[in-house]
Each structure stands twice: as C-alpha cells, then as structure tokens.
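Student: my_file.pdb is reproduced below (PDB, C-alpha atoms).
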MODEL        1
ATOM      1  CA  MET A   1     -27.389  28.702  82.426
ATOM      2  CA  ALA A   2     -30.206  31.114  81.794
ATOM      3  CA  SER A   3     -28.412  32.736  78.842
ATOM      4  CA  GLU A   4     -29.631  32.136  75.291
ATOM      5  CA  PRO A   5     -27.907  29.216  73.555
ATOM      6  CA  LYS A   6     -25.386  30.302  70.952
ATOM      7  CA  THR A   7     -26.460  30.146  67.326
ATOM      8  CA  LEU A   8     -24.935  29.653  63.882
ATOM      9  CA  ASN A   9     -24.795  33.469  63.709
ATOM     10  CA  ASP A  10     -22.480  33.461  66.740
ATOM     11  CA  LEU A  11     -20.325  30.716  65.219
ATOM     12  CA  PHE A  12     -20.158  32.653  61.944
ATOM     13  CA  TRP A  13     -19.107  35.829  63.751
ATOM     14  CA  ASP A  14     -16.509  33.974  65.851
ATOM     15  CA  THR A  15     -14.970  32.390  62.762
ATOM     16  CA  LEU A  16     -15.014  35.713  60.909
ATOM     17  CA  LYS A  17     -13.004  37.251  63.777
ATOM     18  CA  ASP A  18     -10.657  34.215  63.688
ATOM     19  CA  ILE A  19      -9.831  34.588  59.970
ATOM     20  CA  TYR A  20      -9.618  38.400  60.297
ATOM     21  CA  TYR A  21      -6.933  37.949  62.952
ATOM     22  CA  ALA A  22      -5.258  35.231  60.860
ATOM     23  CA  GLU A  23      -5.135  37.401  57.714
ATOM     24  CA  LYS A  24      -3.540  40.244  59.705
ATOM     25  CA  GLN A  25      -0.866  37.845  60.991
ATOM     26  CA  ILE A  26      -0.290  36.564  57.444
ATOM     27  CA  LEU A  27       0.108  40.190  56.250
ATOM     28  CA  LYS A  28       2.967  40.567  58.749
ATOM     29  CA  ALA A  29       4.578  37.183  57.994
ATOM     30  CA  LEU A  30       4.652  37.310  54.173
ATOM     31  CA  PRO A  31       7.217  40.162  53.803
ATOM     32  CA  LYS A  32       9.568  38.248  56.150
ATOM     33  CA  MET A  33       9.121  35.098  54.077
ATOM     34  CA  ALA A  34       9.685  37.066  50.846
ATOM     35  CA  LYS A  35      12.868  38.555  52.324
ATOM     36  CA  ALA A  36      14.157  35.134  53.391
ATOM     37  CA  ALA A  37      13.403  33.371  50.071
ATOM     38  CA  LYS A  38      16.359  32.943  47.710
ATOM     39  CA  SER A  39      14.448  32.151  44.507
ATOM     40  CA  PRO A  40      13.209  35.313  42.739
ATOM     41  CA  GLU A  41      10.040  33.444  41.680
ATOM     42  CA  LEU A  42       9.239  32.467  45.282
ATOM     43  CA  LYS A  43       9.945  36.016  46.500
ATOM     44  CA  GLN A  44       7.560  37.289  43.837
ATOM     45  CA  ALA A  45       4.903  34.705  44.756
ATOM     46  CA  PHE A  46       5.020  35.810  48.420
ATOM     47  CA  GLU A  47       4.858  39.492  47.446
ATOM     48  CA  LYS A  48       1.904  38.860  45.140
ATOM     49  CA  HIS A  49       0.131  36.941  47.896
ATOM     50  CA  ARG A  50       0.786  39.793  50.319
ATOM     51  CA  ASN A  51      -0.978  42.217  47.976
ATOM     52  CA  GLU A  52      -3.895  39.809  47.570
ATOM     53  CA  THR A  53      -4.088  39.413  51.354
ATOM     54  CA  GLU A  54      -4.733  43.164  51.694
ATOM     55  CA  ILE A  55      -7.745  42.748  49.397
ATOM     56  CA  HIS A  56      -8.889  39.739  51.461
ATOM     57  CA  VAL A  57      -8.763  41.845  54.645
ATOM     58  CA  ASP A  58     -10.848  44.545  52.927
ATOM     59  CA  ARG A  59     -13.411  41.924  51.862
ATOM     60  CA  LEU A  60     -13.632  40.699  55.456
ATOM     61  CA  GLY A  61     -14.301  44.316  56.436
ATOM     62  CA  ASP A  62     -17.206  44.291  53.964
ATOM     63  CA  VAL A  63     -18.615  41.127  55.573
ATOM     64  CA  PHE A  64     -18.404  42.698  59.053
ATOM     65  CA  GLU A  65     -20.406  45.593  57.596
ATOM     66  CA  ILE A  66     -23.000  43.208  56.109
ATOM     67  CA  ILE A  67     -23.618  41.676  59.551
ATOM     68  CA  GLY A  68     -23.554  45.084  61.231
ATOM     69  CA  LYS A  69     -20.468  44.476  63.383
ATOM     70  CA  ALA A  70     -17.222  46.384  63.743
ATOM     71  CA  PRO A  71     -14.210  44.580  62.206
ATOM     72  CA  ARG A  72     -12.376  42.881  65.045
ATOM     73  CA  GLY A  73      -9.957  39.960  65.353
ATOM     74  CA  LYS A  74      -9.898  37.117  67.851
ATOM     75  CA  THR A  75      -6.597  35.403  68.661
ATOM     76  CA  CYS A  76      -6.259  32.393  66.383
ATOM     77  CA  ASP A  77      -3.898  29.816  67.895
ATOM     78  CA  ALA A  78      -3.945  27.782  64.693
ATOM     79  CA  ILE A  79      -2.402  30.485  62.504
ATOM     80  CA  LEU A  80       0.084  31.425  65.250
ATOM     81  CA  GLY A  81       1.229  27.782  65.335
ATOM     82  CA  ILE A  82       1.451  27.562  61.553
ATOM     83  CA  ILE A  83       3.429  30.820  61.304
ATOM     84  CA  ASP A  84       5.735  29.751  64.173
ATOM     85  CA  GLU A  85       6.597  26.597  62.234
ATOM     86  CA  GLY A  86       7.532  28.814  59.281
ATOM     87  CA  LYS A  87       9.788  30.893  61.565
ATOM     88  CA  SER A  88      11.531  27.745  62.821
ATOM     89  CA  ILE A  89      12.192  26.680  59.217
ATOM     90  CA  MET A  90      13.737  30.108  58.499
ATOM     91  CA  GLU A  91      16.060  29.772  61.481
ATOM     92  CA  GLU A  92      16.954  26.097  61.169
ATOM     93  CA  PHE A  93      17.455  26.082  57.396
ATOM     94  CA  GLU A  94      19.239  29.428  57.038
ATOM     95  CA  GLY A  95      22.016  28.963  54.479
ATOM     96  CA  SER A  96      20.633  25.595  53.354
ATOM     97  CA  PRO A  97      19.681  24.957  49.708
ATOM     98  CA  ALA A  98      16.449  23.451  51.149
ATOM     99  CA  LEU A  99      15.372  26.770  52.753
ATOM    100  CA  ASP A 100      13.062  27.774  49.897
ATOM    101  CA  ALA A 101      11.400  24.337  49.834
ATOM    102  CA  GLY A 102      10.705  24.727  53.553
ATOM    103  CA  LEU A 103       9.339  28.261  53.125
ATOM    104  CA  LEU A 104       7.100  27.092  50.296
ATOM    105  CA  ALA A 105       5.773  24.235  52.472
ATOM    106  CA  ALA A 106       5.074  26.701  55.308
ATOM    107  CA  ALA A 107       3.184  28.936  52.879
ATOM    108  CA  GLN A 108       1.132  25.944  51.719
ATOM    109  CA  ALA A 109       0.126  25.213  55.327
ATOM    110  CA  VAL A 110      -1.028  28.850  55.609
ATOM    111  CA  GLU A 111      -2.960  28.555  52.319
ATOM    112  CA  HIS A 112      -4.686  25.389  53.473
ATOM    113  CA  TYR A 113      -5.759  27.005  56.731
ATOM    114  CA  GLU A 114      -7.274  29.893  54.779
ATOM    115  CA  ILE A 115      -8.944  27.550  52.270
ATOM    116  CA  SER A 116     -10.478  25.620  55.163
ATOM    117  CA  ARG A 117     -11.836  28.757  56.881
ATOM    118  CA  TYR A 118     -13.169  30.430  53.724
ATOM    119  CA  GLY A 119     -14.852  27.184  52.611
ATOM    120  CA  THR A 120     -16.558  26.948  56.003
ATOM    121  CA  LEU A 121     -17.572  30.622  56.060
ATOM    122  CA  LYS A 122     -18.972  30.431  52.521
ATOM    123  CA  ALA A 123     -21.130  27.411  53.441
ATOM    124  CA  TRP A 124     -22.385  29.111  56.626
ATOM    125  CA  ALA A 125     -23.094  32.401  54.805
ATOM    126  CA  GLN A 126     -25.239  30.461  52.326
ATOM    127  CA  GLU A 127     -27.052  28.727  55.182
ATOM    128  CA  LEU A 128     -27.661  32.073  56.897
ATOM    129  CA  GLY A 129     -29.021  33.661  53.703
ATOM    130  CA  LEU A 130     -26.048  36.058  53.485
ATOM    131  CA  GLY A 131     -25.682  35.785  49.698
ATOM    132  CA  ASN A 132     -23.396  38.819  49.305
ATOM    133  CA  ALA A 133     -21.063  37.577  52.042
ATOM    134  CA  ALA A 134     -20.994  34.129  50.399
ATOM    135  CA  LYS A 135     -19.958  35.776  47.114
ATOM    136  CA  LEU A 136     -17.110  37.678  48.816
ATOM    137  CA  PHE A 137     -15.846  34.484  50.502
ATOM    138  CA  ASP A 138     -16.071  32.669  47.189
ATOM    139  CA  GLN A 139     -13.893  35.296  45.477
ATOM    140  CA  THR A 140     -11.230  34.989  48.162
ATOM    141  CA  LEU A 141     -11.479  31.187  48.168
ATOM    142  CA  THR A 142     -10.903  31.100  44.401
ATOM    143  CA  GLU A 143      -7.794  33.282  44.805
ATOM    144  CA  GLU A 144      -6.441  31.168  47.678
ATOM    145  CA  LEU A 145      -6.903  27.990  45.619
ATOM    146  CA  LYS A 146      -5.049  29.626  42.700
ATOM    147  CA  THR A 147      -2.190  30.642  45.013
ATOM    148  CA  HIS A 148      -2.045  27.091  46.376
ATOM    149  CA  GLN A 149      -1.856  25.656  42.842
ATOM    150  CA  ALA A 150       0.763  28.201  41.751
ATOM    151  CA  LEU A 151       2.914  27.348  44.795
ATOM    152  CA  SER A 152       2.584  23.593  44.123
ATOM    153  CA  GLN A 153       3.680  24.113  40.528
ATOM    154  CA  LEU A 154       6.595  26.358  41.537
ATOM    155  CA  GLY A 155       7.656  23.732  44.083
ATOM    156  CA  GLU A 156       7.626  20.843  41.646
ATOM    157  CA  SER A 157       9.061  22.686  38.649
ATOM    158  CA  LYS A 158      11.802  24.607  40.429
ATOM    159  CA  VAL A 159      12.066  25.085  44.201
ATOM    160  CA  ASN A 160      12.224  21.409  45.205
ATOM    161  CA  LYS A 161      14.768  20.701  42.455
ATOM    162  CA  GLN A 162      17.005  23.483  43.774
ATOM    163  CA  ALA A 163      16.706  22.123  47.331
ATOM    164  CA  GLN A 164      19.453  19.569  46.866
ATOM    165  CA  PRO A 165      23.105  20.545  46.868
ATOM    166  CA  LYS A 166      24.606  20.563  43.367
ATOM    167  CA  ALA A 167      26.635  17.449  42.494
ATOM    168  CA  ALA A 168      30.348  18.298  42.457
TER     169      ALA A 168
ATOM    170  CA  MET B   1      29.233  27.558  61.346
ATOM    171  CA  ALA B   2      31.456  24.660  60.446
ATOM    172  CA  SER B   3      28.574  22.176  60.449
ATOM    173  CA  GLU B   4      27.252  20.780  57.151
ATOM    174  CA  PRO B   5      24.351  22.787  55.718
ATOM    175  CA  LYS B   6      20.995  21.090  56.136
ATOM    176  CA  THR B   7      19.584  19.315  53.124
ATOM    177  CA  LEU B   8      16.212  18.375  51.651
ATOM    178  CA  ASN B   9      16.670  15.033  53.450
ATOM    179  CA  ASP B  10      16.741  16.893  56.782
ATOM    180  CA  LEU B  11      13.679  18.913  55.842
ATOM    181  CA  PHE B  12      11.866  15.717  54.807
ATOM    182  CA  TRP B  13      12.742  14.027  58.108
ATOM    183  CA  ASP B  14      11.699  17.102  60.138
ATOM    184  CA  THR B  15       8.336  17.272  58.389
ATOM    185  CA  LEU B  16       7.832  13.527  58.765
ATOM    186  CA  LYS B  17       8.309  13.931  62.546
ATOM    187  CA  ASP B  18       5.920  16.908  62.481
ATOM    188  CA  ILE B  19       3.070  14.972  60.828
ATOM    189  CA  TYR B  20       3.781  11.874  62.972
ATOM    190  CA  TYR B  21       3.269  14.011  66.090
ATOM    191  CA  ALA B  22       0.212  15.665  64.502
ATOM    192  CA  GLU B  23      -1.422  12.318  63.632
ATOM    193  CA  LYS B  24      -0.914  11.114  67.220
ATOM    194  CA  GLN B  25      -2.610  14.266  68.528
ATOM    195  CA  ILE B  26      -5.457  13.790  66.041
ATOM    196  CA  LEU B  27      -5.854  10.173  67.263
ATOM    197  CA  LYS B  28      -6.443  11.551  70.763
ATOM    198  CA  ALA B  29      -8.751  14.383  69.665
ATOM    199  CA  LEU B  30     -11.134  12.480  67.382
ATOM    200  CA  PRO B  31     -12.813  10.319  70.071
ATOM    201  CA  LYS B  32     -13.525  13.492  72.088
ATOM    202  CA  MET B  33     -15.021  15.135  69.013
ATOM    203  CA  ALA B  34     -17.092  12.004  68.250
ATOM    204  CA  LYS B  35     -18.358  12.005  71.842
ATOM    205  CA  ALA B  36     -19.307  15.687  71.685
ATOM    206  CA  ALA B  37     -21.070  15.481  68.301
ATOM    207  CA  LYS B  38     -24.878  15.267  68.421
ATOM    208  CA  SER B  39     -25.516  14.085  64.861
ATOM    209  CA  PRO B  40     -25.093  10.294  64.478
ATOM    210  CA  GLU B  41     -23.639  10.835  60.984
ATOM    211  CA  LEU B  42     -20.993  13.249  62.280
ATOM    212  CA  LYS B  43     -20.149  10.904  65.173
ATOM    213  CA  GLN B  44     -19.716   8.102  62.642
ATOM    214  CA  ALA B  45     -17.577  10.289  60.351
ATOM    215  CA  PHE B  46     -15.216  11.090  63.262
ATOM    216  CA  GLU B  47     -15.027   7.428  64.303
ATOM    217  CA  LYS B  48     -14.280   6.350  60.728
ATOM    218  CA  HIS B  49     -11.573   8.990  60.457
ATOM    219  CA  ARG B  50     -10.083   7.819  63.743
ATOM    220  CA  ASN B  51      -9.731   4.302  62.339
ATOM    221  CA  GLU B  52      -8.171   5.650  59.154
ATOM    222  CA  THR B  53      -5.771   7.763  61.223
ATOM    223  CA  GLU B  54      -4.395   4.564  62.819
ATOM    224  CA  ILE B  55      -3.572   3.303  59.332
ATOM    225  CA  HIS B  56      -1.962   6.656  58.487
ATOM    226  CA  VAL B  57       0.268   6.400  61.574
ATOM    227  CA  ASP B  58       1.307   2.883  60.493
ATOM    228  CA  ARG B  59       2.148   4.165  57.008
ATOM    229  CA  LEU B  60       4.309   6.896  58.548
ATOM    230  CA  GLY B  61       6.071   4.112  60.466
ATOM    231  CA  ASP B  62       6.787   2.443  57.118
ATOM    232  CA  VAL B  63       8.289   5.678  55.764
ATOM    233  CA  PHE B  64      10.553   6.021  58.834
ATOM    234  CA  GLU B  65      11.716   2.476  58.055
ATOM    235  CA  ILE B  66      12.354   3.364  54.397
ATOM    236  CA  ILE B  67      14.677   6.204  55.444
ATOM    237  CA  GLY B  68      16.276   4.091  58.181
ATOM    238  CA  LYS B  69      15.112   6.190  61.134
ATOM    239  CA  ALA B  70      13.181   5.303  64.279
ATOM    240  CA  PRO B  71       9.594   6.659  64.284
ATOM    241  CA  ARG B  72       9.617   9.798  66.388
ATOM    242  CA  GLY B  73       7.435  12.876  66.704
ATOM    243  CA  LYS B  74       8.409  16.544  66.951
ATOM    244  CA  THR B  75       6.059  18.995  68.676
ATOM    245  CA  CYS B  76       3.867  20.558  66.014
ATOM    246  CA  ASP B  77       2.523  23.936  67.190
ATOM    247  CA  ALA B  78       0.234  24.148  64.179
ATOM    248  CA  ILE B  79      -1.810  21.064  65.037
ATOM    249  CA  LEU B  80      -1.871  21.996  68.733
ATOM    250  CA  GLY B  81      -3.347  25.382  67.772
ATOM    251  CA  ILE B  82      -5.884  23.807  65.419
ATOM    252  CA  ILE B  83      -6.976  21.252  68.024
ATOM    253  CA  ASP B  84      -7.173  23.948  70.731
ATOM    254  CA  GLU B  85      -9.591  25.886  68.555
ATOM    255  CA  GLY B  86     -11.730  22.741  68.319
ATOM    256  CA  LYS B  87     -11.681  22.445  72.135
ATOM    257  CA  SER B  88     -12.820  26.068  72.496
ATOM    258  CA  ILE B  89     -15.729  25.382  70.133
ATOM    259  CA  MET B  90     -16.735  22.362  72.257
ATOM    260  CA  GLU B  91     -16.744  24.501  75.401
ATOM    261  CA  GLU B  92     -18.296  27.673  74.013
ATOM    262  CA  PHE B  93     -21.012  25.970  71.948
ATOM    263  CA  GLU B  94     -21.997  23.240  74.396
ATOM    264  CA  GLY B  95     -25.771  22.918  74.281
ATOM    265  CA  SER B  96     -26.004  25.044  71.115
ATOM    266  CA  PRO B  97     -27.626  23.690  67.928
ATOM    267  CA  ALA B  98     -24.545  25.085  66.141
ATOM    268  CA  LEU B  99     -22.131  22.793  68.057
ATOM    269  CA  ASP B 100     -21.924  20.156  65.314
ATOM    270  CA  ALA B 101     -21.308  22.795  62.624
ATOM    271  CA  GLY B 102     -18.415  24.094  64.728
ATOM    272  CA  LEU B 103     -17.004  20.608  65.288
ATOM    273  CA  LEU B 104     -17.212  19.877  61.580
ATOM    274  CA  ALA B 105     -15.382  23.124  60.785
ATOM    275  CA  ALA B 106     -12.662  22.223  63.307
ATOM    276  CA  ALA B 107     -12.305  18.794  61.670
ATOM    277  CA  GLN B 108     -11.981  20.462  58.261
ATOM    278  CA  ALA B 109      -9.126  22.623  59.568
ATOM    279  CA  VAL B 110      -7.406  19.424  60.771
ATOM    280  CA  GLU B 111      -7.991  17.765  57.373
ATOM    281  CA  HIS B 112      -6.527  20.734  55.516
ATOM    282  CA  TYR B 113      -3.416  20.688  57.681
ATOM    283  CA  GLU B 114      -2.934  17.013  56.902
ATOM    284  CA  ILE B 115      -3.609  17.531  53.176
ATOM    285  CA  SER B 116      -0.999  20.293  53.144
ATOM    286  CA  ARG B 117       1.655  18.162  54.874
ATOM    287  CA  TYR B 118       1.044  14.983  52.868
ATOM    288  CA  GLY B 119       1.077  16.961  49.598
ATOM    289  CA  THR B 120       4.433  18.464  50.563
ATOM    290  CA  LEU B 121       5.907  15.136  51.725
ATOM    291  CA  LYS B 122       4.775  13.358  48.539
ATOM    292  CA  ALA B 123       6.451  16.034  46.356
ATOM    293  CA  TRP B 124       9.676  15.853  48.390
ATOM    294  CA  ALA B 125       9.693  12.031  48.384
ATOM    295  CA  GLN B 126       9.473  12.130  44.579
ATOM    296  CA  GLU B 127      12.321  14.656  44.435
ATOM    297  CA  LEU B 128      14.439  12.469  46.744
ATOM    298  CA  GLY B 129      13.800   9.337  44.651
ATOM    299  CA  LEU B 130      11.807   7.701  47.473
ATOM    300  CA  GLY B 131       9.149   6.213  45.193
ATOM    301  CA  ASN B 132       7.704   3.835  47.788
ATOM    302  CA  ALA B 133       7.357   6.608  50.352
ATOM    303  CA  ALA B 134       5.680   8.820  47.720
ATOM    304  CA  LYS B 135       3.161   6.013  47.075
ATOM    305  CA  LEU B 136       2.362   5.705  50.795
ATOM    306  CA  PHE B 137       1.857   9.477  51.113
ATOM    307  CA  ASP B 138      -0.341   9.434  48.027
ATOM    308  CA  GLN B 139      -2.599   6.745  49.549
ATOM    309  CA  THR B 140      -3.043   8.767  52.723
ATOM    310  CA  LEU B 141      -3.518  12.007  50.764
ATOM    311  CA  THR B 142      -6.293  10.385  48.708
ATOM    312  CA  GLU B 143      -8.042   9.258  51.904
ATOM    313  CA  GLU B 144      -7.702  12.678  53.547
ATOM    314  CA  LEU B 145      -9.184  14.359  50.454
ATOM    315  CA  LYS B 146     -12.093  11.901  50.538
ATOM    316  CA  THR B 147     -12.699  12.632  54.234
ATOM    317  CA  HIS B 148     -12.607  16.365  53.493
ATOM    318  CA  GLN B 149     -15.181  15.954  50.699
ATOM    319  CA  ALA B 150     -17.408  13.715  52.832
ATOM    320  CA  LEU B 151     -17.341  16.281  55.660
ATOM    321  CA  SER B 152     -18.179  19.133  53.254
ATOM    322  CA  GLN B 153     -21.135  17.163  51.906
ATOM    323  CA  LEU B 154     -22.353  16.246  55.401
ATOM    324  CA  GLY B 155     -22.071  19.903  56.414
ATOM    325  CA  GLU B 156     -24.057  21.234  53.492
ATOM    326  CA  SER B 157     -26.685  18.485  53.366
ATOM    327  CA  LYS B 158     -27.338  18.156  57.082
ATOM    328  CA  VAL B 159     -25.136  19.590  59.844
ATOM    329  CA  ASN B 160     -25.308  23.273  58.822
ATOM    330  CA  LYS B 161     -29.074  23.034  58.314
ATOM    331  CA  GLN B 162     -29.472  21.654  61.848
ATOM    332  CA  ALA B 163     -27.312  24.457  63.265
ATOM    333  CA  GLN B 164     -30.158  26.937  63.458
ATOM    334  CA  PRO B 165     -32.787  26.726  66.192
ATOM    335  CA  LYS B 166     -36.069  25.292  64.915
ATOM    336  CA  ALA B 167     -38.720  27.924  64.138
ATOM    337  CA  ALA B 168     -41.447  27.845  66.808
TER     338      ALA B 168
ENDMDL
END
Take the structure from the file and write it as structure tokens.

Tutor:
Amino acid sequence: MASEPKTLNDLFWDTLKDIYYAEKQILKALPKMAKAAKSPELKQAFEKHRNETEIHVDRLGDVFEIIGKAPRGKTCDAILGIIDEGKSIMEEFEGSPALDAGLLAAAQAVEHYEISRYGTLKAWAQELGLGNAAKLFDQTLTEELKTHQALSQLGESKVNKQAQPKAA
Amino acid sequence: MASEPKTLNDLFWDTLKDIYYAEKQILKALPKMAKAAKSPELKQAFEKHRNETEIHVDRLGDVFEIIGKAPRGKTCDAILGIIDEGKSIMEEFEGSPALDAGLLAAAQAVEHYEISRYGTLKAWAQELGLGNAAKLFDQTLTEELKTHQALSQLGESKVNKQAQPKAA
C-alpha cells in the first residue's frame, strides 16, 4: 500500500474513541444497574459512579481538544460484551438473593476494562509528550481504582453475605 | 415462577463456566498475537502467558471437580469482544511501528478481564466455604497480576518507545 503507515498517534486516537464510546455506554447502563440493585449501598455506589462517569466523559472531551480532534466514539465490542453479560445477570437472577452479587461482579468487569484502557492511554500520552492528557487520564484512573476498591469492599463486607438465602 | 430462586452457588457456577470459556478463547488467541508481535520480548511474554493459561484451565478443571460438575464453558461475549478488538488492531496496524503497542494494550484488556473474574470467583468461593477453590483462584490471580505488571513494564521500557517511527 502506498499509504503512510499508521503511528502511535493513530493508535492513541483510536483508543480514545474506543473509551469515549465505552464511557457513553456505561453512562446508559449504570442507572439500569442502580434500579435493579436491592441493596441501598450498591444502588448508591452505582449512582455515584454514574456521576463520576459524566466527569470522565468531559475529561475525554478535553483530551480530544488537546489533540485537535472532535470528540467521537468508535464502536467498542468489548464494552458491549461486558454490558450484555450484566444484562443477562439482571434477567437470569431477577428475584434471587444473589442478584446484587452478580450486578457487583458485572460492575467490576466494567471497572477493569476502564482501568485497562486508562492505564494504556496514560502510558501512550506520556510517550507522545502529551503531559496534560496524561494528567487527565491519571485523575480518571485514580477514581476508577477507588471505585473498584470500594466495590470489592462492599462485596466482601455486605453484598456477598446477603447473596445466600437466610437459614430457616 | 414456581422454580427455586437462583442462589450464589448458581452464580458461582455460571461465572466459572464464563471464565472457562474465556480461558479457552485466550489459549487460541495468544499464539496468533505472539506470531504477529515484532518485538522478541513481547513474543516471549505472549508465549509464556499461553503456557500459564494451560495451567489456569487445569485449575478451573479442579474447581469444577470440587463442586461436582463437569468442566463446561458458556459463551462469554465480553472476552469475544475483547479478542475481536485485538484482531482489529492486528489488521489495522499491520506494518506499523505501533503494532506491538496495540497488541500489548489488547493483552492488557484480556488480563484485566481475567483479574476481574478471578477476584470475583475467589471472593464468592470464600463466601461459599470453598476454601480449596479460593486457594486455586488466588494462585491464578497472583499470576495474572504478575503478567499484567510485566506487560506494563515492557510497554513503558520498550514497546511504547519503539512505537514511533525513527527520526530520519
């Protein structure tokens, strides 16, 4: 092919569009997960994460601006698959005491996908000399890691314990 | 519905089938990623992880035995989506100096999915009093975290630096 070979800039832009799309999907999924959750603490955790996700989308908008591109998503099969698994849990475990444990696990899979993408984007931004973008990714990464830890703690201290039917 | 509500045991079994299917898909994907990688270190990292993945599949077999079920997979849309994104990178960045950086990022997304699932399964095994299963998950989790760290280090020290075309 006579076209120029793709560069790390192209890969960075592609992955930025991937996580932008993913965050928008997560914004739509979290209210449904909050509605389905039985535990008030889990509901609250999903609502809090929804609000944070709005800030994460805004930060991605800032990164698009830094690289002089219009904010645009690119279909991300990974997040669609992860969210679909969460939907299946909601359907299959409706009315089960294990529903919340399943929702929490689905949310952790979402968190891990985000952690993976933001870690990658931060490293690439540093490599590309995009210090301000790296800082924005680092802020979001720190918040995603905190959410992941908070969910783990909520799972172990409460949600998983409530997942078993009460002894008669 | 007159049927018994699903329990944490059902959720555990479902998720065990999910990661069993995912590991089998990863076993098929890693040799293709190793073949595509240009950096000898990245090739070696993928080959090493492939060998470890065989052990992880065996350990999952042991957990199926612990719960008295035959080892069986359940289609996992999440891992299919994650692996598909890796395939797209291989196609779109063929011949690009950024190919390895993209492959490494795809492998990190796979790692994070596994870390998420094994973390969840370990917590549930503990809750269900399946101490031996929890130990097996913990071994695999430790190895996945090590692979994740090794990939991050390889990315920052070498692969990302080689992703930009050499200055003339």

Student: Counting all atoms listed in the file, what is within 12 Å of region 34-49 of chain B, bar same-chain residues fewer than 2 positions away, as a ChimeraX atom specification?

Tutor: /B:23,26-32,51-56,86-87,89-91,93-108,110-111,140,143-155,157-163

Student: Would you work out the distance separating CA of Ile79 (chain B) from CA of Tyr118 (chain B), expressed in Å to one decimal?

Tutor: 13.9 Å

Student: Identify all residues satisfying the ChimeraX specification (/A :<6) & /B in the given file; provide them as an mmCIF file with C-alpha atoms, in the frame of the given file.

Tutor:
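What ended up in expr21.cif:
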data_model
loop_
_atom_site.group_PDB
_atom_site.id
_atom_site.type_symbol
_atom_site.label_atom_id
_atom_site.label_comp_id
_atom_site.auth_asym_id
_atom_site.auth_seq_id
_atom_site.Cartn_x
_atom_site.Cartn_y
_atom_site.Cartn_z
ATOM 1 C CA PRO B 5 24.351 22.787 55.718
ATOM 2 C CA LYS B 6 20.995 21.090 56.136
ATOM 3 C CA THR B 7 19.584 19.315 53.124
ATOM 4 C CA LEU B 8 16.212 18.375 51.651
ATOM 5 C CA ASP B 77 2.523 23.936 67.190
ATOM 6 C CA ALA B 78 0.234 24.148 64.179
ATOM 7 C CA GLY B 81 -3.347 25.382 67.772
ATOM 8 C CA ILE B 82 -5.884 23.807 65.419
ATOM 9 C CA SER B 96 -26.004 25.044 71.115
ATOM 10 C CA ALA B 98 -24.545 25.085 66.141
ATOM 11 C CA ALA B 109 -9.126 22.623 59.568
ATOM 12 C CA HIS B 112 -6.527 20.734 55.516
ATOM 13 C CA SER B 116 -0.999 20.293 53.144
ATOM 14 C CA ALA B 163 -27.312 24.457 63.265
ATOM 15 C CA GLN B 164 -30.158 26.937 63.458
#

Student: I'd like the interatomic distance between CA of Lys122 (chain B) and CA of Ile19 (chain A), to a tenth of an Å.

Tutor: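 Atom-to-atom, CA of Lys122 (chain B) to CA of Ile19 (chain A), that is 28.2 Å.
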
Student: Suppose you want the space between CA of Lys24 (chain A) and CA of Gly129 (chain A); what is it in Å?

Tutor: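 Between CA of Lys24 (chain A) and CA of Gly129 (chain A) the gap works out to 27.0 Å.
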